[in-house]
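J.: Sharing a structure with you now.
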Amino acid sequence: PADLMAYFEKCGVEVHVQEFAKKGDAPAVAPAASSKGKPKDKPKPAKGQGKAETKPGANKKKVKAGKTLLAMQWKKTENFPMWYSDVIVLSEMISYYDISGCYILRPWSYKMWELVQDWFNGQIRPLGVENSYFPMFVSQDRLEKEKDHVEGFAPEVAWVTRSGDSELAKPIAVRPTSETIMYPAFADWIKSHRDLPLKLNQWSNVVRWEFKDPTPFLRTREFLWQEGHTAHATYDESQVMVRQALELYRRVYEELMAVPVIPGYKTEKEKFAGGHQTTTVEAYIPGSGRAIQGATSHNLGQNFGKMFDISFQDEQGTSKIAWQTSWGLTTRTLGVCVMVHGDDTGLVLPPAVAPLQAIIVPIISKKCTFEQVTPYCESILKQLEDAGIRAKYDDRDVYNPGWKYNHWEQKGVPIRIEVGPRDIEQGSVRLVLRYSGEKSDHKVEGIGDTVKSQLDFIQADMLAKAKETRDSHLVKITEWEKFVPELEKHNLVLTPWCGGEHQEWEEWVKTKSREETLKDGDEEDERTATSVAAKTLCIPFDQPELPQGTKCIASGLPATCWVLWGRSY
């Protein structure tokens, strides 16, 4: 019975247990029931289950008569995690799976990922980066060869220990990242300075067995990504590659996702395990007031080169160790896009990553049949496709126009094109913009160019609005007393900092900010599925002026830079 109850709770099924009386006992008293015959008190979700992980059906509001479960049940400002879960399910981005932290990417979200892939491949080829593929398994000896690296990933590594009924002689790890898989091959391939630079990228899946609350796209046990790995003759060359990769990540977020990001360096405490230096782009989620690491690009230095003997002879015949980089971008980009732009109706997609950029919806009536409207709509579709626009004519006759409007709005299609009998008479169409709701009528002649112009405007305006919102939540302070109050306002906080050799003060800020936030006896997991403590996000490349004598906000020591803090996913 306990296992059965745990299963029901995991599935979000409302359960009432009826205790039957034994012979001779007093009759069991049934619990008070609602007007619909259901117990008034709903069971709480299983402890430890992330709110965004909760599957459809759990924690749902009571649906009023005449309403449908196909509509959004939560508002973004009311319950952000449940709103997010609603959006990605109803928009047909994901389906839940029976292993916690693993999800099915449906065609709508996978098409978005393919658009990122297509763009990114077109950008890295001119940089001399070639695509390849390496196995997903890594031996225990290889994984544990670099001490700092394995310690950084140890809690998240998934191990294969059996094959059928047989125990493996040695456990085999499923890759959490591929440095230790790829670099023995680098050592075989690189012998001379003529073999450098070596620049490879692979599109693959990664498994990190996290035990924190899973959130689709943002924090999952398996995710898709690209990972670039390069080897160079000098540090300067490797550093150029690091910044080139990070610039591409900035462009993915800002030019494709219409999400502004802050590029910078990670602190020593937050850098990649085993690496020399980590750069990052950090995004901001207005609905939750949290930051999120968008993507990272690492200068690995010569650490892995020494471990795996990736050496080469220079032009003078001297043996040297290669300088290496690694950099990765994941399907987290899709989740960030949803969280930043989505609204209470569903997805709001930037045109650059929208699987469909325009949907044509006919308004059918007795006076205007499908047979009459279809040639007109198909001529519009051809103009759009000739203009390079991803478009579709929704000619399904089993749904009325209102249903179609709602369906495509939930899926976030940037432009809806409505065609009714009056439009056909006047040779026009009506455009409805998803991100603003703006409606306008246009001549059908040249509609391809008109829609293309509108898409360009939408893309730019979505980024501008997201940046305006982000900037309104970015504050600069120099006194600790203001730190937690600003976090409580859902802000990112820029403060003076004493530098990398004082890592203990990062932990002090994390502990102190949590204590001050929870001082009234709140419990952290009741407030949010993630920590209320602040952490360093990055040391921004774009540094404000630091007046002489400015003190670190935590230690009181002389500040050497400005650092960005926030509550983070």
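The chains in the structure tokens are called A, B, ... from first to last as shown; in each chain the residues are counted from 1, and the ligands are counted from 1 in the order shown.
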Name all residues at most 7 Å from Gln140 of chain A (count only C-alpha atoms; drop same-chain ones fewer than 2 positions away) and give them as JSON, numbers by chain.
T.: {"A": [138, 142, 143, 144, 171, 172, 173]}
J.: Point out the residue among A:Lys411, A:Pro496, A:Glu486, A:Trp565 with the least atom-to-atom distance to Met112 of chain A, counting only C-alpha atoms.
T.: A:Lys411
J.: Using DSSP on the backbone coordinates, identify the residues of segment 174-388 of chain A assigned to alpha helix (DSSP H); present them as a VMD selection string.
T.: chain A and resid 179 to 189 235 to 251 303 to 308 332 to 341 370 to 386
J.: When you count only C-alpha atoms, which of these residues is closest to Gln244 of chain A: A:Trp83, A:Tyr405, A:Tyr103, A:Trp327?
T.: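 Result for the nearest residue to Gln244 of chain A: A:Trp327.
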J.: Based on DSSP run over this structure's backbone, return all residues of segment 337-511 of chain A in strand (DSSP E or B), as a VMD selection string.
T.: chain A and resid 343 346 358 to 362 365 368 391 to 393 415 to 419 428 to 433 439 to 443 474 to 476 492 to 497
J.: For the residues selected in the previous step, produce a file with N, CA, C and O atoms as a compact mmCIF listing (two decimals), in the first residue's frame.
T.:
# COMPACT_ATOMS: atom_id res chain seq x y z
N ASP A 343 3.69 34.37 -21.49
CA ASP A 343 2.68 35.15 -20.75
C ASP A 343 1.57 34.21 -20.28
O ASP A 343 1.69 32.99 -20.37
N GLY A 346 0.42 31.54 -22.84
CA GLY A 346 1.31 30.46 -23.24
C GLY A 346 2.66 30.97 -23.70
O GLY A 346 3.18 31.95 -23.18
N ALA A 358 4.61 32.14 -38.97
CA ALA A 358 3.29 32.68 -39.33
C ALA A 358 2.32 31.53 -39.56
O ALA A 358 2.68 30.52 -40.15
N ILE A 359 1.10 31.70 -39.06
CA ILE A 359 0.06 30.69 -39.26
C ILE A 359 -1.13 31.37 -39.93
O ILE A 359 -1.57 32.45 -39.51
N ILE A 360 -1.65 30.77 -40.98
CA ILE A 360 -2.79 31.31 -41.71
C ILE A 360 -4.05 30.58 -41.23
O ILE A 360 -4.15 29.36 -41.32
N VAL A 361 -5.00 31.35 -40.70
CA VAL A 361 -6.23 30.77 -40.17
C VAL A 361 -7.42 31.32 -40.96
O VAL A 361 -7.70 32.53 -40.91
N PRO A 362 -8.14 30.46 -41.67
CA PRO A 362 -9.32 30.92 -42.41
C PRO A 362 -10.53 31.03 -41.49
O PRO A 362 -10.67 30.28 -40.52
N SER A 365 -17.46 30.13 -42.91
CA SER A 365 -18.88 30.30 -42.65
C SER A 365 -19.67 29.71 -43.82
O SER A 365 -19.08 29.21 -44.78
N CYS A 368 -18.70 31.47 -46.74
CA CYS A 368 -17.28 31.38 -47.14
C CYS A 368 -16.79 30.00 -46.76
O CYS A 368 -16.37 29.77 -45.61
N ALA A 391 6.01 29.04 -42.53
CA ALA A 391 4.57 29.33 -42.43
C ALA A 391 3.75 28.08 -42.69
O ALA A 391 4.25 27.07 -43.22
N LYS A 392 2.48 28.15 -42.29
CA LYS A 392 1.57 27.02 -42.47
C LYS A 392 0.15 27.55 -42.65
O LYS A 392 -0.23 28.57 -42.06
N TYR A 393 -0.62 26.83 -43.45
CA TYR A 393 -2.05 27.12 -43.63
C TYR A 393 -2.82 26.08 -42.81
O TYR A 393 -2.74 24.88 -43.09
N ILE A 415 3.17 35.45 -35.64
CA ILE A 415 2.15 36.19 -36.40
C ILE A 415 1.03 35.26 -36.83
O ILE A 415 1.27 34.18 -37.38
N ARG A 416 -0.19 35.68 -36.55
CA ARG A 416 -1.37 34.97 -37.06
C ARG A 416 -1.96 35.78 -38.20
O ARG A 416 -2.13 37.01 -38.07
N ILE A 417 -2.27 35.11 -39.29
CA ILE A 417 -2.86 35.77 -40.46
C ILE A 417 -4.29 35.27 -40.60
O ILE A 417 -4.53 34.10 -40.88
N GLU A 418 -5.23 36.17 -40.38
CA GLU A 418 -6.65 35.82 -40.46
C GLU A 418 -7.20 36.17 -41.83
O GLU A 418 -6.94 37.26 -42.36
N VAL A 419 -7.96 35.23 -42.39
CA VAL A 419 -8.55 35.44 -43.71
C VAL A 419 -10.04 35.14 -43.64
O VAL A 419 -10.43 33.99 -43.38
N SER A 428 -7.15 41.59 -49.03
CA SER A 428 -6.33 41.93 -47.87
C SER A 428 -6.26 40.76 -46.89
O SER A 428 -6.87 39.71 -47.11
N VAL A 429 -5.52 40.96 -45.81
CA VAL A 429 -5.44 40.00 -44.71
C VAL A 429 -5.33 40.80 -43.41
O VAL A 429 -4.97 41.98 -43.43
N ARG A 430 -5.60 40.14 -42.31
CA ARG A 430 -5.39 40.76 -41.00
C ARG A 430 -4.23 40.06 -40.31
O ARG A 430 -4.22 38.82 -40.21
N LEU A 431 -3.27 40.84 -39.83
CA LEU A 431 -2.13 40.30 -39.08
C LEU A 431 -2.35 40.57 -37.59
O LEU A 431 -2.71 41.68 -37.20
N VAL A 432 -2.11 39.53 -36.78
CA VAL A 432 -2.19 39.65 -35.32
C VAL A 432 -0.85 39.24 -34.75
O VAL A 432 -0.39 38.12 -34.99
N LEU A 433 -0.19 40.16 -34.03
CA LEU A 433 1.13 39.89 -33.47
C LEU A 433 0.99 39.23 -32.10
O LEU A 433 0.32 39.77 -31.21
N LYS A 439 -3.21 44.32 -33.87
CA LYS A 439 -3.86 43.86 -35.11
C LYS A 439 -3.75 44.94 -36.17
O LYS A 439 -3.87 46.13 -35.87
N SER A 440 -3.57 44.50 -37.41
CA SER A 440 -3.49 45.46 -38.52
C SER A 440 -3.87 44.77 -39.81
O SER A 440 -3.67 43.56 -39.97
N ASP A 441 -4.45 45.54 -40.73
CA ASP A 441 -4.87 45.00 -42.03
C ASP A 441 -3.87 45.43 -43.10
O ASP A 441 -3.39 46.57 -43.10
N HIS A 442 -3.60 44.50 -44.04
CA HIS A 442 -2.61 44.75 -45.10
C HIS A 442 -3.08 44.15 -46.42
O HIS A 442 -3.82 43.17 -46.44
N LYS A 443 -2.66 44.75 -47.51
CA LYS A 443 -2.94 44.21 -48.82
C LYS A 443 -2.24 42.87 -49.01
O LYS A 443 -1.12 42.68 -48.54
N LEU A 474 18.59 45.67 -12.11
CA LEU A 474 20.04 45.60 -11.91
C LEU A 474 20.46 46.81 -11.10
O LEU A 474 20.37 47.94 -11.56
N VAL A 475 20.89 46.58 -9.86
CA VAL A 475 21.23 47.68 -8.97
C VAL A 475 22.69 47.58 -8.52
O VAL A 475 23.26 46.50 -8.46
N LYS A 476 23.27 48.73 -8.21
CA LYS A 476 24.66 48.81 -7.73
C LYS A 476 24.63 49.34 -6.31
O LYS A 476 24.08 50.41 -6.05
N LEU A 492 19.14 41.83 -9.34
CA LEU A 492 20.54 41.43 -9.40
C LEU A 492 21.35 42.56 -8.77
O LEU A 492 21.02 43.73 -8.96
N VAL A 493 22.39 42.21 -8.05
CA VAL A 493 23.11 43.21 -7.26
C VAL A 493 24.59 43.23 -7.64
O VAL A 493 25.27 42.20 -7.61
N LEU A 494 25.06 44.41 -8.02
CA LEU A 494 26.47 44.62 -8.36
C LEU A 494 27.16 45.28 -7.17
O LEU A 494 26.72 46.33 -6.70
N THR A 495 28.23 44.64 -6.67
CA THR A 495 28.91 45.17 -5.48
C THR A 495 30.43 45.17 -5.67
O THR A 495 30.96 44.41 -6.49
N PRO A 496 31.14 45.97 -4.89
CA PRO A 496 32.61 45.91 -4.89
C PRO A 496 33.05 44.57 -4.29
O PRO A 496 32.42 44.03 -3.37
N TRP A 497 34.19 44.04 -4.79
CA TRP A 497 34.64 42.72 -4.37
C TRP A 497 36.17 42.72 -4.19
O TRP A 497 36.89 43.43 -4.88
J.: Restricting the calculation to only C-alpha atoms: of A:Lys10, A:His276, A:Lys76, A:Lys482, which residue gets closest to Val338 of chain A?
T.: A:Lys76
J.: Kindly give the distance, in Å, that separates atom CA of Glu425 of chain A and atom CA of Leu356 of chain A, rounded to a single decimal.
T.: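 Straight-line distance from atom CA of Glu425 of chain A to atom CA of Leu356 of chain A works out to 27.1 Å.
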J.: Tell me, as a list of chain:residue names, which residues lie within 12 Å of Arg208 of chain A, counting only C-alpha atoms; anything in the same chain fewer than 6 positions away does not count.
T.: A:Gly101, A:Cys102, A:Gly152, A:Phe153, A:Ala154, A:Pro155, A:Glu156, A:Val157, A:Ala158, A:Trp159, A:Ala173, A:Val174, A:Arg175, A:Pro176, A:Thr177, A:Pro214, A:Arg219, A:Thr220, A:Arg221, A:Glu222, A:Phe223, A:Leu224
J.: A:Asp395, A:Glu167, A:Glu545, A:Glu227: which is nearest Lys199 of chain A, counting only C-alpha atoms?
T.: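 Smallest separation from Lys199 of chain A among the options: A:Glu227.
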J.: So how many Å separate atom CA of Trp113 of chain A and atom CA of Val348 of chain A, to one decimal?
T.: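 Spanning atom CA of Trp113 of chain A to atom CA of Val348 of chain A is a straight-line distance of 16.0 Å.
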J.: List the spatial neighbours of Ala387 of chain A as a PDB file with N, CA and C atoms, in the first residue's frame - criterion: any atom at most 12 Å away, only C-alpha atoms, same-chain residues fewer than 4 positions off excluded.
T.:
ATOM      1  N   GLN A 357       6.720  30.708 -38.071  1.00  0.00           N
ATOM      2  CA  GLN A 357       6.748  32.157 -37.858  1.00  0.00           C
ATOM      3  C   GLN A 357       5.414  32.811 -38.169  1.00  0.00           C
ATOM      4  N   ALA A 358       4.607  32.139 -38.973  1.00  0.00           N
ATOM      5  CA  ALA A 358       3.286  32.684 -39.330  1.00  0.00           C
ATOM      6  C   ALA A 358       2.318  31.534 -39.555  1.00  0.00           C
ATOM      7  N   ILE A 380      -1.304  33.043 -50.386  1.00  0.00           N
ATOM      8  CA  ILE A 380      -0.599  33.752 -49.309  1.00  0.00           C
ATOM      9  C   ILE A 380       0.558  32.908 -48.810  1.00  0.00           C
ATOM     10  N   LEU A 381       0.292  31.618 -48.583  1.00  0.00           N
ATOM     11  CA  LEU A 381       1.329  30.707 -48.099  1.00  0.00           C
ATOM     12  C   LEU A 381       2.516  30.685 -49.048  1.00  0.00           C
ATOM     13  N   LYS A 382       2.257  30.652 -50.351  1.00  0.00           N
ATOM     14  CA  LYS A 382       3.361  30.622 -51.311  1.00  0.00           C
ATOM     15  C   LYS A 382       4.199  31.890 -51.239  1.00  0.00           C
ATOM     16  N   GLN A 383       3.539  33.036 -51.086  1.00  0.00           N
ATOM     17  CA  GLN A 383       4.295  34.295 -50.949  1.00  0.00           C
ATOM     18  C   GLN A 383       5.196  34.264 -49.712  1.00  0.00           C
ATOM     19  N   ALA A 391       6.008  29.041 -42.529  1.00  0.00           N
ATOM     20  CA  ALA A 391       4.573  29.331 -42.429  1.00  0.00           C
ATOM     21  C   ALA A 391       3.750  28.078 -42.687  1.00  0.00           C
ATOM     22  N   GLY A 446       2.284  41.535 -52.004  1.00  0.00           N
ATOM     23  CA  GLY A 446       3.508  41.833 -51.282  1.00  0.00           C
ATOM     24  C   GLY A 446       3.478  41.437 -49.814  1.00  0.00           C
ATOM     25  N   ILE A 447       2.572  40.526 -49.469  1.00  0.00           N
ATOM     26  CA  ILE A 447       2.420  40.158 -48.056  1.00  0.00           C
ATOM     27  C   ILE A 447       3.670  39.454 -47.516  1.00  0.00           C
ATOM     28  N   GLY A 448       4.427  38.797 -48.392  1.00  0.00           N
ATOM     29  CA  GLY A 448       5.667  38.147 -47.957  1.00  0.00           C
ATOM     30  C   GLY A 448       6.644  39.162 -47.376  1.00  0.00           C
ATOM     31  N   ASP A 449       6.837  40.264 -48.078  1.00  0.00           N
ATOM     32  CA  ASP A 449       7.749  41.312 -47.595  1.00  0.00           C
ATOM     33  C   ASP A 449       7.195  41.990 -46.341  1.00  0.00           C
ATOM     34  N   THR A 450       5.878  42.174 -46.304  1.00  0.00           N
ATOM     35  CA  THR A 450       5.252  42.805 -45.141  1.00  0.00           C
ATOM     36  C   THR A 450       5.473  41.976 -43.882  1.00  0.00           C
ATOM     37  N   VAL A 451       5.222  40.673 -43.991  1.00  0.00           N
ATOM     38  CA  VAL A 451       5.372  39.786 -42.833  1.00  0.00           C
ATOM     39  C   VAL A 451       6.837  39.688 -42.417  1.00  0.00           C
ATOM     40  N   LYS A 452       7.723  39.637 -43.396  1.00  0.00           N
ATOM     41  CA  LYS A 452       9.145  39.563 -43.076  1.00  0.00           C
ATOM     42  C   LYS A 452       9.588  40.801 -42.307  1.00  0.00           C
ATOM     43  N   SER A 453       9.115  41.951 -42.708  1.00  0.00           N
ATOM     44  CA  SER A 453       9.447  43.197 -42.008  1.00  0.00           C
ATOM     45  C   SER A 453       8.894  43.188 -40.582  1.00  0.00           C
ATOM     46  N   LEU A 455       8.313  40.534 -38.756  1.00  0.00           N
ATOM     47  CA  LEU A 455       9.094  39.565 -37.967  1.00  0.00           C
ATOM     48  C   LEU A 455      10.396  40.186 -37.475  1.00  0.00           C
TER      49      LEU A 455
END
J.: Let me make sure I understand: among A:Ser288, A:Ser204, A:Asn131, A:Gln503, which one has the smallest atom-to-atom distance to Glu488 of chain A if we use only C-alpha atoms?
T.: A:Ser288
J.: When you look at segment 511-516 of chain A with a cut-off of 10 Å (counting only C-alpha atoms), what residues show up, excluding the ones that are within fewer than 5 positions of it in the same chain? I need them as a ChimeraX atom specification.
T.: /A:480,483-485,487,505-506,521,524,531-535,554,567
J.: Print the selection's residues with N, CA and C atoms to a file, as a CSV table (one decimal), in the first residue's frame.
T.:
chain,number,residue,atom,x,y,z
A,480,TRP,N,26.4,46.5,2.8
A,480,TRP,CA,25.8,45.2,3.0
A,480,TRP,C,24.3,45.3,3.5
A,483,PHE,N,21.9,44.8,0.8
A,483,PHE,CA,22.1,43.6,-0.1
A,483,PHE,C,20.8,42.7,-0.1
A,484,VAL,N,20.4,42.2,1.0
A,484,VAL,CA,19.3,41.3,1.1
A,484,VAL,C,18.0,42.0,0.7
A,485,PRO,N,17.7,43.2,1.2
A,485,PRO,CA,16.5,43.9,0.7
A,485,PRO,C,16.4,44.1,-0.8
A,487,LEU,N,17.8,41.9,-3.0
A,487,LEU,CA,17.4,40.6,-3.5
A,487,LEU,C,15.9,40.3,-3.4
A,505,TRP,N,34.9,34.5,1.5
A,505,TRP,CA,33.9,35.5,1.6
A,505,TRP,C,32.7,35.2,0.7
A,506,GLU,N,32.9,34.5,-0.3
A,506,GLU,CA,31.7,34.1,-1.1
A,506,GLU,C,30.8,33.2,-0.3
A,521,GLY,N,11.8,32.7,10.5
A,521,GLY,CA,11.4,31.3,10.7
A,521,GLY,C,10.9,30.6,9.5
A,524,GLU,N,13.1,27.2,3.8
A,524,GLU,CA,13.5,27.5,2.4
A,524,GLU,C,12.7,26.8,1.4
A,531,SER,N,17.5,27.7,-3.9
A,531,SER,CA,18.0,28.3,-2.7
A,531,SER,C,17.7,29.8,-2.7
A,532,VAL,N,17.4,30.4,-1.5
A,532,VAL,CA,17.2,31.8,-1.3
A,532,VAL,C,18.6,32.5,-1.1
A,533,ALA,N,19.7,31.7,-1.0
A,533,ALA,CA,21.0,32.3,-0.8
A,533,ALA,C,21.5,33.0,-2.1
A,534,ALA,N,22.2,34.0,-1.9
A,534,ALA,CA,22.8,34.7,-3.1
A,534,ALA,C,24.2,34.0,-3.4
A,535,LYS,N,24.5,34.1,-4.7
A,535,LYS,CA,25.8,33.6,-5.1
A,535,LYS,C,26.4,34.5,-6.2
A,554,ALA,N,31.7,42.5,1.6
A,554,ALA,CA,31.6,41.5,2.6
A,554,ALA,C,32.8,41.6,3.6
A,567,ARG,N,20.2,35.5,-6.8
A,567,ARG,CA,19.7,34.2,-6.5
A,567,ARG,C,19.6,33.5,-7.9
J.: Using only C-alpha atoms, which of A:Cys11, A:Val373, A:Ala295, A:Ile539 sits nearest Gln226 of chain A?
T.: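 Among the listed residues, A:Ala295 lies closest to Gln226 of chain A.
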J.: So that I can check the surroundings of Gly412 of chain A, please list as a list in words every protein, DNA and RNA residue that reaches within 8 Å of it, counting only C-alpha atoms and ignoring chain neighbours fewer than 5 positions away.
T.: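 Selected residues are Ser91, Gly346, Leu347, Val348, Leu349, Ala354 and Arg434 of chain A.
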